[in-house]
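As provided, upload.pdb (PDB, C-alpha atoms and all ligand atoms) reads as follows.
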```
ATOM      1  CA  MET L   1     -31.539  -3.564 -43.276  1.00  0.00           C
ATOM      2  CA  HIS L   2     -33.230  -6.895 -42.690  1.00  0.00           C
ATOM      3  CA  LYS L   3     -30.030  -8.153 -41.124  1.00  0.00           C
ATOM      4  CA  PHE L   4     -29.977  -5.158 -38.800  1.00  0.00           C
ATOM      5  CA  VAL L   5     -33.598  -5.673 -37.804  1.00  0.00           C
ATOM      6  CA  ALA L   6     -32.959  -9.368 -37.173  1.00  0.00           C
ATOM      7  CA  ALA L   7     -29.888  -8.609 -35.065  1.00  0.00           C
ATOM      8  CA  PHE L   8     -31.771  -5.966 -33.120  1.00  0.00           C
ATOM      9  CA  SER L   9     -34.677  -8.319 -32.445  1.00  0.00           C
ATOM     10  CA  LEU L  10     -32.267 -10.968 -31.201  1.00  0.00           C
ATOM     11  CA  ALA L  11     -30.596  -8.494 -28.878  1.00  0.00           C
ATOM     12  CA  ALA L  12     -33.949  -7.297 -27.577  1.00  0.00           C
ATOM     13  CA  ALA L  13     -35.074 -10.876 -27.006  1.00  0.00           C
ATOM     14  CA  ALA L  14     -31.840 -11.638 -25.155  1.00  0.00           C
ATOM     15  CA  LEU L  15     -32.311  -8.578 -22.962  1.00  0.00           C
ATOM     16  CA  ALA L  16     -35.877  -9.528 -22.179  1.00  0.00           C
ATOM     17  CA  ALA L  17     -34.812 -13.061 -21.300  1.00  0.00           C
ATOM     18  CA  ALA L  18     -31.897 -11.993 -19.091  1.00  0.00           C
ATOM     19  CA  PRO L  19     -32.564 -12.535 -15.393  1.00  0.00           C
ATOM     20  CA  ALA L  20     -33.045  -9.420 -13.265  1.00  0.00           C
ATOM     21  CA  HIS L  21     -29.889 -10.154 -11.319  1.00  0.00           C
ATOM     22  CA  ALA L  22     -27.659 -10.202 -14.405  1.00  0.00           C
ATOM     23  CA  GLN L  23     -26.593  -6.678 -13.455  1.00  0.00           C
ATOM     24  CA  PHE L  24     -24.634  -8.069 -10.487  1.00  0.00           C
ATOM     25  CA  ALA L  25     -21.495 -10.102 -11.094  1.00  0.00           C
ATOM     26  CA  LYS L  26     -21.355 -11.279  -7.481  1.00  0.00           C
ATOM     27  CA  GLY L  27     -23.740 -11.618  -4.546  1.00  0.00           C
ATOM     28  CA  GLU L  28     -21.783  -9.045  -2.583  1.00  0.00           C
ATOM     29  CA  ASP L  29     -22.333  -6.513  -5.375  1.00  0.00           C
ATOM     30  CA  ALA L  30     -26.086  -6.934  -4.942  1.00  0.00           C
ATOM     31  CA  ILE L  31     -25.714  -6.561  -1.170  1.00  0.00           C
ATOM     32  CA  ARG L  32     -23.696  -3.363  -1.592  1.00  0.00           C
ATOM     33  CA  TYR L  33     -26.301  -2.068  -4.037  1.00  0.00           C
ATOM     34  CA  ARG L  34     -29.273  -2.545  -1.710  1.00  0.00           C
ATOM     35  CA  GLN L  35     -27.336  -1.304   1.320  1.00  0.00           C
ATOM     36  CA  SER L  36     -26.433   1.826  -0.639  1.00  0.00           C
ATOM     37  CA  VAL L  37     -30.087   2.419  -1.444  1.00  0.00           C
ATOM     38  CA  PHE L  38     -31.041   1.997   2.223  1.00  0.00           C
ATOM     39  CA  VAL L  39     -28.273   4.385   3.308  1.00  0.00           C
ATOM     40  CA  ILE L  40     -29.653   7.029   0.958  1.00  0.00           C
ATOM     41  CA  MET L  41     -33.225   6.363   2.089  1.00  0.00           C
ATOM     42  CA  GLY L  42     -32.225   6.578   5.758  1.00  0.00           C
ATOM     43  CA  ALA L  43     -30.422   9.860   5.170  1.00  0.00           C
ATOM     44  CA  GLN L  44     -33.473  11.363   3.451  1.00  0.00           C
ATOM     45  CA  MET L  45     -35.746  10.142   6.243  1.00  0.00           C
ATOM     46  CA  GLY L  46     -33.353  11.780   8.676  1.00  0.00           C
ATOM     47  CA  ARG L  47     -33.483  15.053   6.736  1.00  0.00           C
ATOM     48  CA  ILE L  48     -37.271  15.038   6.756  1.00  0.00           C
ATOM     49  CA  ASN L  49     -37.460  14.070  10.417  1.00  0.00           C
ATOM     50  CA  ALA L  50     -35.120  16.914  11.379  1.00  0.00           C
ATOM     51  CA  GLN L  51     -37.341  19.420   9.572  1.00  0.00           C
ATOM     52  CA  LEU L  52     -40.535  18.030  11.091  1.00  0.00           C
ATOM     53  CA  LYS L  53     -39.002  18.517  14.530  1.00  0.00           C
ATOM     54  CA  ALA L  54     -37.918  22.076  13.767  1.00  0.00           C
ATOM     55  CA  ASP L  55     -39.913  25.065  14.980  1.00  0.00           C
ATOM     56  CA  LYS L  56     -40.345  26.187  11.375  1.00  0.00           C
ATOM     57  CA  PRO L  57     -39.965  23.179   9.073  1.00  0.00           C
ATOM     58  CA  ASN L  58     -38.202  24.009   5.830  1.00  0.00           C
ATOM     59  CA  VAL L  59     -40.724  22.653   3.338  1.00  0.00           C
ATOM     60  CA  ALA L  60     -38.348  23.041   0.382  1.00  0.00           C
ATOM     61  CA  SER L  61     -35.836  20.809   2.161  1.00  0.00           C
ATOM     62  CA  ILE L  62     -38.540  18.237   2.871  1.00  0.00           C
ATOM     63  CA  GLN L  63     -39.643  18.349  -0.759  1.00  0.00           C
ATOM     64  CA  SER L  64     -36.111  17.759  -1.937  1.00  0.00           C
ATOM     65  CA  ALA L  65     -35.612  14.836   0.450  1.00  0.00           C
ATOM     66  CA  ALA L  66     -38.992  13.292  -0.391  1.00  0.00           C
ATOM     67  CA  ALA L  67     -38.214  13.502  -4.104  1.00  0.00           C
ATOM     68  CA  VAL L  68     -34.876  11.719  -3.619  1.00  0.00           C
ATOM     69  CA  LEU L  69     -36.593   9.119  -1.443  1.00  0.00           C
ATOM     70  CA  ALA L  70     -39.262   8.538  -4.086  1.00  0.00           C
ATOM     71  CA  SER L  71     -36.682   8.157  -6.835  1.00  0.00           C
ATOM     72  CA  VAL L  72     -34.441   5.673  -5.014  1.00  0.00           C
ATOM     73  CA  ALA L  73     -36.969   3.623  -2.995  1.00  0.00           C
ATOM     74  CA  PRO L  74     -38.066   1.588  -6.043  1.00  0.00           C
ATOM     75  CA  LEU L  75     -34.452   0.421  -6.467  1.00  0.00           C
ATOM     76  CA  ALA L  76     -34.131  -1.258  -3.072  1.00  0.00           C
ATOM     77  CA  GLY L  77     -35.813  -4.478  -4.108  1.00  0.00           C
ATOM     78  CA  GLU L  78     -33.471  -4.969  -7.058  1.00  0.00           C
ATOM     79  CA  GLY L  79     -30.636  -5.906  -4.736  1.00  0.00           C
ATOM     80  CA  PHE L  80     -32.381  -8.908  -3.164  1.00  0.00           C
ATOM     81  CA  VAL L  81     -31.381 -11.474  -5.760  1.00  0.00           C
ATOM     82  CA  PRO L  82     -30.533 -15.159  -5.492  1.00  0.00           C
ATOM     83  CA  GLY L  83     -26.913 -15.594  -4.472  1.00  0.00           C
ATOM     84  CA  SER L  84     -26.954 -12.554  -2.155  1.00  0.00           C
ATOM     85  CA  GLU L  85     -28.336 -14.289   0.941  1.00  0.00           C
ATOM     86  CA  THR L  86     -25.115 -13.961   2.910  1.00  0.00           C
ATOM     87  CA  GLY L  87     -21.913 -11.953   2.896  1.00  0.00           C
ATOM     88  CA  GLY L  88     -21.266  -8.297   2.207  1.00  0.00           C
ATOM     89  CA  VAL L  89     -19.286  -5.553   3.945  1.00  0.00           C
ATOM     90  CA  PRO L  90     -20.887  -4.688   6.274  1.00  0.00           C
ATOM     91  CA  PRO L  91     -22.561  -8.119   6.389  1.00  0.00           C
ATOM     92  CA  THR L  92     -26.135  -8.261   5.195  1.00  0.00           C
ATOM     93  CA  LYS L  93     -28.726  -8.198   7.962  1.00  0.00           C
ATOM     94  CA  ALA L  94     -31.356  -9.764   5.727  1.00  0.00           C
ATOM     95  CA  LYS L  95     -32.787 -12.888   7.333  1.00  0.00           C
ATOM     96  CA  PRO L  96     -32.834 -16.064   5.240  1.00  0.00           C
ATOM     97  CA  GLU L  97     -36.665 -15.990   5.287  1.00  0.00           C
ATOM     98  CA  LEU L  98     -36.638 -12.847   3.168  1.00  0.00           C
ATOM     99  CA  PHE L  99     -35.447 -14.921   0.227  1.00  0.00           C
ATOM    100  CA  LEU L 100     -38.129 -17.563   0.810  1.00  0.00           C
ATOM    101  CA  ASP L 101     -41.215 -15.405   1.402  1.00  0.00           C
ATOM    102  CA  GLY L 102     -41.502 -13.913  -2.097  1.00  0.00           C
ATOM    103  CA  PRO L 103     -45.157 -12.757  -2.121  1.00  0.00           C
ATOM    104  CA  LYS L 104     -45.083 -11.446   1.453  1.00  0.00           C
ATOM    105  CA  VAL L 105     -41.885  -9.507   0.856  1.00  0.00           C
ATOM    106  CA  ALA L 106     -43.206  -8.178  -2.442  1.00  0.00           C
ATOM    107  CA  ALA L 107     -46.320  -6.919  -0.643  1.00  0.00           C
ATOM    108  CA  LEU L 108     -44.216  -5.149   2.009  1.00  0.00           C
ATOM    109  CA  SER L 109     -42.063  -3.612  -0.707  1.00  0.00           C
ATOM    110  CA  LYS L 110     -45.111  -2.472  -2.665  1.00  0.00           C
ATOM    111  CA  LYS L 111     -46.632  -0.937   0.470  1.00  0.00           C
ATOM    112  CA  MET L 112     -43.397   0.913   1.260  1.00  0.00           C
ATOM    113  CA  ASN L 113     -43.199   2.311  -2.252  1.00  0.00           C
ATOM    114  CA  GLU L 114     -46.840   3.405  -2.115  1.00  0.00           C
ATOM    115  CA  GLU L 115     -46.297   5.210   1.178  1.00  0.00           C
ATOM    116  CA  VAL L 116     -43.140   6.862  -0.159  1.00  0.00           C
ATOM    117  CA  ALA L 117     -45.078   8.060  -3.220  1.00  0.00           C
ATOM    118  CA  LYS L 118     -47.780   9.463  -0.924  1.00  0.00           C
ATOM    119  CA  LEU L 119     -45.147  11.233   1.155  1.00  0.00           C
ATOM    120  CA  ASN L 120     -43.687  12.763  -1.993  1.00  0.00           C
ATOM    121  CA  ALA L 121     -47.163  13.951  -3.011  1.00  0.00           C
ATOM    122  CA  ALA L 122     -47.806  15.366   0.467  1.00  0.00           C
ATOM    123  CA  ALA L 123     -44.433  17.132   0.410  1.00  0.00           C
ATOM    124  CA  LYS L 124     -45.321  18.728  -2.924  1.00  0.00           C
ATOM    125  CA  GLY L 125     -48.621  19.845  -1.387  1.00  0.00           C
ATOM    126  CA  GLY L 126     -46.672  21.605   1.347  1.00  0.00           C
ATOM    127  CA  ASP L 127     -49.060  20.970   4.245  1.00  0.00           C
ATOM    128  CA  VAL L 128     -46.826  20.102   7.210  1.00  0.00           C
ATOM    129  CA  LYS L 129     -49.550  18.155   9.059  1.00  0.00           C
ATOM    130  CA  ALA L 130     -50.179  16.006   5.973  1.00  0.00           C
ATOM    131  CA  ILE L 131     -46.433  15.526   5.507  1.00  0.00           C
ATOM    132  CA  GLN L 132     -46.109  14.476   9.141  1.00  0.00           C
ATOM    133  CA  ALA L 133     -48.844  11.848   8.752  1.00  0.00           C
ATOM    134  CA  ALA L 134     -47.390  10.497   5.512  1.00  0.00           C
ATOM    135  CA  PHE L 135     -43.908  10.423   7.033  1.00  0.00           C
ATOM    136  CA  GLY L 136     -45.239   8.300   9.897  1.00  0.00           C
ATOM    137  CA  SER L 137     -46.783   5.862   7.437  1.00  0.00           C
ATOM    138  CA  VAL L 138     -43.486   5.531   5.563  1.00  0.00           C
ATOM    139  CA  GLY L 139     -41.709   4.791   8.852  1.00  0.00           C
ATOM    140  CA  GLN L 140     -44.313   2.133   9.641  1.00  0.00           C
ATOM    141  CA  SER L 141     -43.794   0.540   6.246  1.00  0.00           C
ATOM    142  CA  CYS L 142     -40.015   0.454   6.842  1.00  0.00           C
ATOM    143  CA  LYS L 143     -40.527  -1.056  10.274  1.00  0.00           C
ATOM    144  CA  ALA L 144     -42.934  -3.716   9.024  1.00  0.00           C
ATOM    145  CA  CYS L 145     -40.202  -5.252   6.885  1.00  0.00           C
ATOM    146  CA  HIS L 146     -37.445  -4.748   9.461  1.00  0.00           C
ATOM    147  CA  ASP L 147     -39.539  -6.514  12.129  1.00  0.00           C
ATOM    148  CA  ASP L 148     -39.836  -9.684  10.086  1.00  0.00           C
ATOM    149  CA  TYR L 149     -36.804  -9.733   7.836  1.00  0.00           C
ATOM    150  CA  ARG L 150     -33.922  -7.728   9.314  1.00  0.00           C
ATOM    151  CA  ALA L 151     -31.692  -9.379  11.873  1.00  0.00           C
ATOM    152  CA  LYS L 152     -30.970  -7.361  15.012  1.00  0.00           C
TER     153      LYS L 152
HETATM  154  C1  LIG O 201     -36.236   5.677   9.305  1.00  0.00           C
HETATM  155  C2  LIG O 201     -35.154   4.784   9.174  1.00  0.00           C
HETATM  156  C3  LIG O 201     -35.625   3.534   9.303  1.00  0.00           C
HETATM  157  C4  LIG O 201     -37.085   3.580   9.489  1.00  0.00           C
HETATM  158  C5  LIG O 201     -37.509   2.891  10.724  1.00  0.00           C
HETATM  159  C6  LIG O 201     -38.982   3.049  10.955  1.00  0.00           C
HETATM  160  O1  LIG O 201     -36.178   6.871   9.249  1.00  0.00           O
HETATM  161  O2  LIG O 201     -33.883   5.076   8.966  1.00  0.00           O
HETATM  162  O3  LIG O 201     -34.952   2.427   9.247  1.00  0.00           O
HETATM  163  O4  LIG O 201     -37.417   4.976   9.509  1.00  0.00           O
HETATM  164  O5  LIG O 201     -36.815   3.404  11.811  1.00  0.00           O
HETATM  165  O6  LIG O 201     -39.355   2.399  12.105  1.00  0.00           O
END
```
Let me see the structure of the file written as structure tokens.
Amino acid sequence: MHKFVAAFSLAAAALAAAPAHAQFAKGEDAIRYRQSVFVIMGAQMGRINAQLKADKPNVASIQSAAAVLASVAPLAGEGFVPGSETGGVPPTKAKPELFLDGPKVAALSKKMNEEVAKLNAAAKGGDVKAIQAAFGSVGQSCKACHDDYRAK
């Protein structure tokens, strides 16, 4: 029993000490990961946008898209790890500065996730005007990062 506890504690300590990017064997794996997250996010934004432009927005569809967005958005940042500055298929559009401006990028990421959470809450509330406003704020938070850190 003591042996088991000791082994478990060691394993837990090793896990805690492992760097965040240990989940990626190669830089290009991290690039594919974050690109995948952005593809999903873009598709959900597109779904919501289509409904907001419709004569009678389908609120259930918006709710579904907002929930997916809220569940995947927190994953995007995980892919920006050391060793993933260049490469990828398609090639990463992340500018080199993204990997140097830690606190600024973290603030943009935090803001985006906050706006996505607000959009999800607004979607659950079902008020289309409120959803529209929150959707605009999410778009702004996407754009803020793209403006500074995504190559054309
Ligand atoms: C989207 C999407 C983006 C952002 C950006 C906001 O729906 O796919 O990349 O919003 O266009 O300006």
Point to revise | Counting only C-alpha atoms, the residue of L:Ala66, L:Ser71, L:Gly102, L:Gly79 that sits nearest L:Lys118 | key: L:Ala66
Review point. Which residues sit within 6 Å of ligand LIG 201 (chain O), counting all atoms listed in the file, listed as a PyMOL selection string?
Key: chain L and resi 42+45-46+139-140+142-143
Starting from 4 Å padding per side, set up an axis-aligned box that covers all listed atoms of stretch 102-115 of chain L and hand over centre and edge lengths in Å, one decimal, as lines of an AutoDock Vina configuration file.
```
center_x = -44.2
center_y = -4.4
center_z = -0.3
size_x = 13.3
size_y = 27.1
size_z = 12.7
```
**Study point:** Expected answer as a PyMOL selection string: all residues with atoms within 12 Å of (-43.8, 5.4, 3.1), all atoms listed in the file
**Key:** chain L and resi 41-42+44-45+66+69-70+73-74+108-122+131-145
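Atom CA of L:Ala76 is positioned 16.0 Å from atom CA of L:Pro103.
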Exercise for review: Would you translate the PyMOL selection byres (((chain L and resi 87-101) around 12) and not hetatm) into the concrete set of residues it matches in this file, as a ChimeraX atom specification?
Suggested key: /L:26-36,38,77,79-86,102-109,145-152
Review point. Between atom CA of L:Ile48 and atom CA of L:Ile62, what is the spacing in Å?
Key: 5.2 Å
**Study point:** Point-to-point distance from atom CA of L:Ala54 to atom CA of L:Gly126, Å rounded to tenths
**Key:**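 Computed distance, atom CA of L:Ala54 to atom CA of L:Gly126, equals 15.2 Å.
Of the residues listed (L:Ala22, L:Val59, L:Ile40, L:Val128), L:Ile40 shows the shortest atom-to-atom separation from L:Leu75; distances use only C-alpha atoms.
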Revision key, fill the gap. Of L:Val37, L:Val68, L:Ala60, L:Ala25, the one sitting nearest L:Gly125 when using all atoms listed in the file is L:Ala60
